[in-house]
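Engineer: Next up, input12.csv (CSV, C-alpha atoms).
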```
chain,number,residue,atom,x,y,z
A,17,MET,CA,121.1,61.2,94.6
A,18,VAL,CA,123.3,63.5,92.5
A,19,SER,CA,122.4,67.2,92.7
A,20,MET,CA,121.6,68.7,89.4
A,21,LEU,CA,121.7,72.3,90.8
A,22,TYR,CA,124.2,74.7,89.5
A,23,PRO,CA,126.7,75.8,92.2
A,24,ILE,CA,126.2,79.2,93.9
A,25,PRO,CA,129.2,80.8,95.7
A,26,GLU,CA,128.8,80.9,99.4
A,27,GLU,CA,129.4,84.7,99.4
A,28,LEU,CA,126.5,85.2,97.0
A,29,LEU,CA,124.2,83.1,99.2
A,30,GLU,CA,125.3,85.1,102.2
A,31,GLU,CA,124.6,88.4,100.4
A,32,TRP,CA,121.1,87.1,99.5
A,33,ARG,CA,120.5,86.1,103.1
A,34,ARG,CA,121.5,89.6,104.3
A,35,GLU,CA,119.4,91.3,101.6
A,36,ASP,CA,116.3,89.2,102.6
A,37,GLU,CA,116.7,89.9,106.3
A,38,GLU,CA,117.2,93.6,105.7
A,39,ALA,CA,114.2,93.8,103.5
A,40,ARG,CA,112.0,91.8,106.0
A,41,GLU,CA,113.1,94.2,108.8
A,42,ILE,CA,112.2,97.2,106.7
A,43,ARG,CA,108.7,95.8,105.8
A,44,ARG,CA,108.0,95.0,109.4
A,45,ARG,CA,109.1,98.4,110.6
A,46,HIS,CA,107.1,100.4,108.1
A,47,ALA,CA,103.9,98.3,108.2
A,48,ASP,CA,100.8,99.8,109.6
A,49,TRP,CA,100.1,97.0,112.0
A,50,LYS,CA,96.8,98.5,113.3
A,51,PHE,CA,95.4,98.5,109.7
A,52,ILE,CA,96.7,95.0,109.2
A,53,GLU,CA,95.2,93.6,112.4
A,54,LYS,CA,91.8,95.1,111.4
A,55,GLN,CA,91.6,93.2,108.1
A,56,PRO,CA,89.6,89.9,107.7
A,57,PRO,CA,91.7,86.8,108.3
A,58,LYS,CA,92.5,86.0,104.7
A,59,ILE,CA,93.7,89.5,103.9
A,60,ARG,CA,95.5,89.8,107.2
A,61,ASN,CA,97.4,86.6,106.8
A,62,ALA,CA,98.3,87.5,103.2
A,63,LEU,CA,99.7,90.8,104.3
A,64,LYS,CA,101.7,89.2,107.1
A,65,TYR,CA,103.0,86.6,104.6
A,66,TYR,CA,104.1,89.4,102.3
A,67,ILE,CA,105.9,91.2,105.2
A,68,GLU,CA,107.8,88.0,106.0
A,69,LYS,CA,108.6,86.7,102.5
A,70,GLY,CA,108.2,89.6,100.1
A,71,ASP,CA,106.6,87.3,97.6
A,72,GLU,CA,103.8,89.3,96.1
A,73,ARG,CA,102.4,86.6,93.8
A,74,MET,CA,101.9,84.1,96.6
A,75,ALA,CA,100.5,86.8,98.8
A,76,CYS,CA,97.9,87.6,96.0
A,77,LYS,CA,96.9,84.0,95.9
A,78,LEU,CA,96.5,83.8,99.6
A,79,ALA,CA,94.4,87.0,99.7
A,80,GLY,CA,92.4,85.9,96.6
A,81,LEU,CA,93.2,89.3,94.9
A,82,SER,CA,94.7,90.3,91.6
A,83,LEU,CA,98.2,91.8,91.6
A,84,GLU,CA,96.8,95.2,91.0
A,85,ASP,CA,94.4,95.0,94.0
A,86,PHE,CA,97.0,93.5,96.2
A,87,GLU,CA,99.4,96.3,95.3
A,88,ALA,CA,96.8,98.9,96.4
A,89,LEU,CA,96.2,97.0,99.6
A,90,ARG,CA,100.0,96.8,100.3
A,91,ILE,CA,100.2,100.6,99.9
A,92,LYS,CA,97.2,101.1,102.3
A,93,ALA,CA,99.0,98.8,104.8
A,94,ARG,CA,102.1,101.0,104.4
A,95,ILE,CA,104.2,97.9,103.6
A,96,PRO,CA,107.1,98.9,101.3
A,97,ARG,CA,108.3,96.9,98.4
A,98,VAL,CA,112.0,96.6,99.0
A,99,SER,CA,114.6,95.9,96.3
B,27,MET,CA,94.7,95.2,84.5
B,28,LYS,CA,91.9,97.2,86.0
B,29,SER,CA,93.2,100.8,86.1
B,30,GLU,CA,91.8,102.8,83.2
B,31,LYS,CA,95.1,104.7,82.9
B,32,ALA,CA,97.1,101.4,82.5
B,33,VAL,CA,94.6,99.9,80.0
B,34,THR,CA,94.6,103.1,77.9
B,35,LEU,CA,98.4,103.2,77.9
B,36,VAL,CA,98.7,99.6,76.8
B,37,PHE,CA,96.2,100.1,74.0
B,38,GLU,CA,98.1,103.2,72.9
B,39,TRP,CA,101.4,101.2,72.8
B,40,LEU,CA,99.8,98.3,71.0
B,41,THR,CA,98.1,100.6,68.4
B,42,SER,CA,101.3,102.5,67.7
B,43,ASP,CA,103.4,99.3,67.5
B,44,TYR,CA,105.4,100.4,70.5
B,45,ALA,CA,104.3,97.2,72.3
B,46,LEU,CA,103.8,93.7,70.9
B,47,LEU,CA,101.8,90.8,72.2
B,48,THR,CA,103.7,87.7,71.4
B,49,ALA,CA,103.6,83.9,71.7
B,50,LEU,CA,106.4,81.6,72.6
B,51,THR,CA,108.0,79.5,69.9
B,52,PRO,CA,108.1,75.7,70.4
B,53,SER,CA,111.8,75.9,71.4
B,54,GLU,CA,111.0,78.7,73.8
B,55,GLU,CA,108.2,76.6,75.2
B,56,ARG,CA,110.6,73.7,75.8
B,57,GLU,CA,113.1,76.1,77.5
B,58,LEU,CA,110.3,77.5,79.7
B,59,ARG,CA,109.4,74.0,80.9
B,60,ALA,CA,113.0,73.2,81.6
B,61,LEU,CA,113.5,76.5,83.5
B,62,LEU,CA,110.3,75.9,85.6
B,63,ASP,CA,111.4,72.4,86.4
B,64,TYR,CA,114.8,73.7,87.4
B,65,VAL,CA,113.5,76.5,89.7
B,66,SER,CA,111.0,74.2,91.4
B,67,LEU,CA,114.0,72.1,92.4
B,68,ASP,CA,116.2,74.9,93.7
B,69,PRO,CA,115.4,75.9,97.2
B,70,ARG,CA,118.2,78.4,97.4
B,71,ILE,CA,116.3,81.1,95.4
B,72,PRO,CA,112.9,82.7,95.9
B,73,ARG,CA,110.0,81.2,93.9
B,74,VAL,CA,110.0,82.1,90.2
B,75,ASP,CA,106.4,82.0,88.8
B,76,GLU,CA,105.5,81.3,85.2
B,77,PRO,CA,105.2,85.0,84.2
B,78,GLU,CA,108.7,85.8,85.3
B,79,ALA,CA,110.0,82.5,83.8
B,80,ILE,CA,108.4,83.5,80.5
B,81,GLY,CA,110.1,86.8,80.8
B,82,LEU,CA,113.5,85.2,81.4
B,83,VAL,CA,113.1,82.8,78.4
B,84,LEU,CA,112.0,85.6,76.0
B,85,ALA,CA,114.7,88.0,77.2
B,86,LYS,CA,117.4,85.3,76.7
B,87,SER,CA,116.2,84.0,73.3
B,88,ARG,CA,115.3,87.4,71.8
B,89,GLY,CA,118.0,89.5,73.4
B,90,LEU,CA,115.6,91.7,75.3
B,91,VAL,CA,115.9,93.4,78.6
B,92,LEU,CA,113.7,91.9,81.3
B,93,LEU,CA,111.9,94.4,83.5
B,94,THR,CA,111.1,92.8,86.9
B,95,GLU,CA,111.5,93.3,90.6
B,96,ASN,CA,111.1,89.5,91.2
B,97,ARG,CA,114.0,88.4,93.3
B,98,GLY,CA,113.9,84.8,92.0
B,99,ALA,CA,114.2,86.0,88.4
B,100,ARG,CA,117.0,88.4,89.3
B,101,ARG,CA,118.9,85.9,91.2
B,102,ILE,CA,118.7,83.2,88.5
B,103,THR,CA,120.7,85.6,86.3
B,104,GLN,CA,123.4,85.9,89.0
B,105,TYR,CA,124.4,82.2,88.8
B,106,HIS,CA,122.5,80.1,86.3
B,107,PRO,CA,125.0,79.7,83.4
B,108,GLU,CA,122.2,79.7,80.7
B,109,TYR,CA,120.7,83.0,82.1
B,110,ARG,CA,123.8,84.9,83.1
B,111,SER,CA,123.6,86.9,79.8
B,112,VAL,CA,120.1,88.2,80.5
B,113,LYS,CA,119.9,91.8,81.4
B,114,VAL,CA,117.4,92.6,84.2
B,115,TRP,CA,116.2,96.1,85.0
B,116,GLY,CA,114.2,97.0,88.1
B,117,ALA,CA,112.3,100.3,88.6
B,118,LEU,CA,115.5,102.1,89.7
B,119,ARG,CA,117.2,101.4,86.4
B,120,VAL,CA,114.1,102.2,84.4
B,121,LEU,CA,114.0,105.6,86.2
B,122,ALA,CA,117.7,106.1,85.3
B,123,GLU,CA,117.0,105.2,81.6
B,124,ALA,CA,114.0,107.6,81.6
B,125,ALA,CA,116.3,110.3,82.9
B,126,LYS,CA,118.9,109.5,80.3
B,127,ALA,CA,116.3,109.6,77.5
B,128,GLY,CA,114.9,113.0,78.9
B,129,VAL,CA,111.5,111.4,79.7
B,130,ILE,CA,111.9,112.7,83.2
B,131,LYS,CA,114.0,115.7,84.0
B,132,ALA,CA,117.0,114.6,86.1
B,133,ASP,CA,120.2,116.1,84.7
B,134,THR,CA,122.0,116.0,88.0
B,135,PRO,CA,122.5,113.3,90.7
B,136,ALA,CA,120.5,115.5,93.1
B,137,ALA,CA,117.6,115.8,90.6
B,138,PHE,CA,117.7,112.0,90.0
B,139,LYS,CA,117.6,111.4,93.8
B,140,LYS,CA,114.6,113.7,94.0
B,141,ALA,CA,112.9,111.7,91.2
B,142,VAL,CA,113.6,108.4,93.0
B,143,SER,CA,112.3,109.8,96.2
B,144,GLU,CA,109.0,111.0,94.6
B,145,TYR,CA,108.6,107.6,93.0
B,146,SER,CA,109.3,105.9,96.3
B,147,LYS,CA,106.7,108.0,98.0
B,148,ASP,CA,104.0,107.3,95.4
B,149,THR,CA,104.6,103.6,95.2
B,150,LEU,CA,106.2,102.8,98.7
B,151,HIS,CA,109.0,101.2,96.8
B,152,LEU,CA,112.4,101.4,98.6
B,153,PHE,CA,115.8,100.8,97.1
B,154,SER,CA,119.1,99.6,98.6
B,155,GLU,CA,121.9,102.0,98.9
B,156,LYS,CA,124.1,99.6,97.0
B,157,ASP,CA,121.8,99.7,94.0
B,158,LEU,CA,121.3,103.5,94.2
B,159,ARG,CA,125.1,104.0,94.3
B,160,ALA,CA,125.6,101.6,91.4
B,161,VAL,CA,123.0,103.4,89.2
B,162,LEU,CA,124.3,106.8,90.1
B,163,SER,CA,127.8,105.9,89.3
B,164,GLU,CA,126.9,104.3,86.0
B,165,TYR,CA,124.6,107.1,84.8
B,166,TYR,CA,126.2,110.2,86.4
B,167,GLY,CA,129.8,109.2,87.0
B,168,GLU,CA,131.9,108.4,90.1
B,169,HIS,CA,131.6,112.0,91.4
B,170,ALA,CA,127.8,111.4,91.8
B,171,LEU,CA,128.5,109.0,94.7
B,172,SER,CA,129.0,111.9,97.1
B,173,HIS,CA,125.3,112.6,96.7
B,174,THR,CA,124.2,109.3,98.0
B,175,ARG,CA,124.8,110.0,101.7
B,176,GLY,CA,121.6,109.8,103.5
B,177,ALA,CA,119.7,108.6,100.4
B,178,LEU,CA,119.3,105.1,101.6
B,179,ARG,CA,115.8,103.6,101.0
B,180,GLY,CA,114.1,106.4,99.3
B,181,VAL,CA,111.2,107.4,101.6
B,182,GLU,CA,113.3,106.5,104.7
B,183,ALA,CA,115.7,109.3,103.8
```
Would you mind writing the file's structure down as structure tokens?
Structural biologist:
Amino acid sequence: MVSMLYPIPEELLEEWRREDEEAREIRRRHADWKFIEKQPPKIRNALKYYIEKGDERMACKLAGLSLEDFEALRIKARIPRVS
Amino acid sequence: MKSEKAVTLVFEWLTSDYALLTALTPSEERELRALLDYVSLDPRIPRVDEPEAIGLVLAKSRGLVLLTENRGARRITQYHPEYRSVKVWGALRVLAEAAKAGVIKADTPAAFKKAVSEYSKDTLHLFSEKDLRAVLSEYYGEHALSHTRGALRGVEA
């Protein structure tokens, strides 16, 4: 099979990997884990997913919340958005 | 949108023609489908959902600036030849533009850092030192970089 994907320089991929790992660490470190563990399973898992992936839209879907409501929840859980 | 403040602001913008609700043209629709197909096949970038993809297509075809924090959308513009020309601004650059336009008072690098820090505290949004340095340098000049020491990650500072 021939790849139809555009090439990405290895240095850029490495930079993205570093950014993602740094952001994940910051989210983990700042999160209010007591608050997160007290949440119902769906919400708890969505918050943990957000901490690991930083993907807010998918986390909203997992939590069954709108973006606006998830954003309020993220702030209550002290999980920073990192960019 | 649920927040009354946000709804009121959008209505004000629409009423005063500051904002516009628009539909995609048929060619933009085709481009959107092609972009969504492409991103679904590229595992090297974070997911790009339809709202961000629409933003990318509109920004490209109409010469607009795309406002997003979405990593997938931002990364597409770093390597995809068709989207390299798209300008993407995140919150940090919006704050810098607001300062430049005098919407927020931040005449000096220190004042800008303070504004960023306040924004970060309100929204729990942290920025990388690299981005902060780039924005300070672009908007306040090279000398502003001496002000970034200890400014990493907004509320972490």
Engineer: Write down, as a PyMOL selection string, each residue of chain A that has any atom within 10 Å of an atom of chain B, counting only C-alpha atoms.
Structural biologist: chain A and resi 19-25+28-29+32-33+35-36+38-39+42-43+46+69-74+82-85+87-88+90-92+94-99
Engineer: Looking at B:Val112, B:Thr34, B:Ala79, B:Thr41, which one is nearest to B:Arg59, with distances taken over only C-alpha atoms?
Structural biologist: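 Result for the nearest residue to B:Arg59: B:Ala79.
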Engineer: For the atom pair atom CA of B:Val114 and atom CA of B:Leu92, what is the interatomic distance in Å to one decimal place?
Structural biologist: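 Between atom CA of B:Val114 and atom CA of B:Leu92 the gap works out to 4.8 Å.
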Engineer: In Å to one decimal, how far is atom CA of A:Leu89 from atom CA of A:Lys77?
Structural biologist: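 Computed distance, atom CA of A:Lys77 to atom CA of A:Leu89, equals 13.5 Å.
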Engineer: Would you kindly return, as a list in words, each protein, DNA or RNA residue with an atom no farther than 10 Å from any atom of A:Ile52, considering all atoms listed in the file and excluding same-chain residues fewer than 2 positions away?
Structural biologist: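 So the residues in contact are Ala47, Asp48, Trp49, Lys50, Lys54, Gln55, Pro56, Pro57, Ile59, Arg60, Asn61, Ala62, Leu63, Lys64, Leu89, Arg90, Lys92, Ala93, Arg94 and Ile95 of chain A.
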Engineer: Find the residues near B:Asp133: any atom within 12 Å, counting all atoms listed in the file, skip ones fewer than 5 places away on the same chain, and give them as number ranges by chain.
Structural biologist: B: 122-128, 138-141, 162, 165-166, 170
Engineer: Export C-alpha atoms of the chosen residues as a short mmCIF file (atom, residue, chain, number, x, y, z; two decimals), in the coordinates of the input?
Structural biologist:
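Output contents, as saved in out.cif:
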```cif
data_model
loop_
_atom_site.label_atom_id
_atom_site.label_comp_id
_atom_site.auth_asym_id
_atom_site.auth_seq_id
_atom_site.Cartn_x
_atom_site.Cartn_y
_atom_site.Cartn_z
CA ALA B 122 117.70 106.10 85.30
CA GLU B 123 117.00 105.20 81.60
CA ALA B 124 114.00 107.60 81.60
CA ALA B 125 116.30 110.30 82.90
CA LYS B 126 118.90 109.50 80.30
CA ALA B 127 116.30 109.60 77.50
CA GLY B 128 114.90 113.00 78.90
CA PHE B 138 117.70 112.00 90.00
CA LYS B 139 117.60 111.40 93.80
CA LYS B 140 114.60 113.70 94.00
CA ALA B 141 112.90 111.70 91.20
CA LEU B 162 124.30 106.80 90.10
CA TYR B 165 124.60 107.10 84.80
CA TYR B 166 126.20 110.20 86.40
CA ALA B 170 127.80 111.40 91.80
#
```
Engineer: How many Å lie between atom CA of B:Ala99 and atom CA of A:Arg44, rounded to one decimal?
Structural biologist: 23.7 Å
Engineer: Which one is closest to A:Arg40: A:Tyr65, A:Cys76, A:Phe86, A:Lys58? Count all atoms listed in the file.
Structural biologist: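 Result for the nearest residue to A:Arg40: A:Tyr65.
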Engineer: Report the centre and edge lengths, in Å to one decimal, of an axis-aligned box enclosing every atom of stretch 33-39 of chain B listed in the file, padded by 3 Å on each side, as AutoDock Vina command-line options.
Structural biologist:
```
--center_x 98.0 --center_y 101.4 --center_z 76.4 --size_x 12.8 --size_y 9.6 --size_z 13.2
```
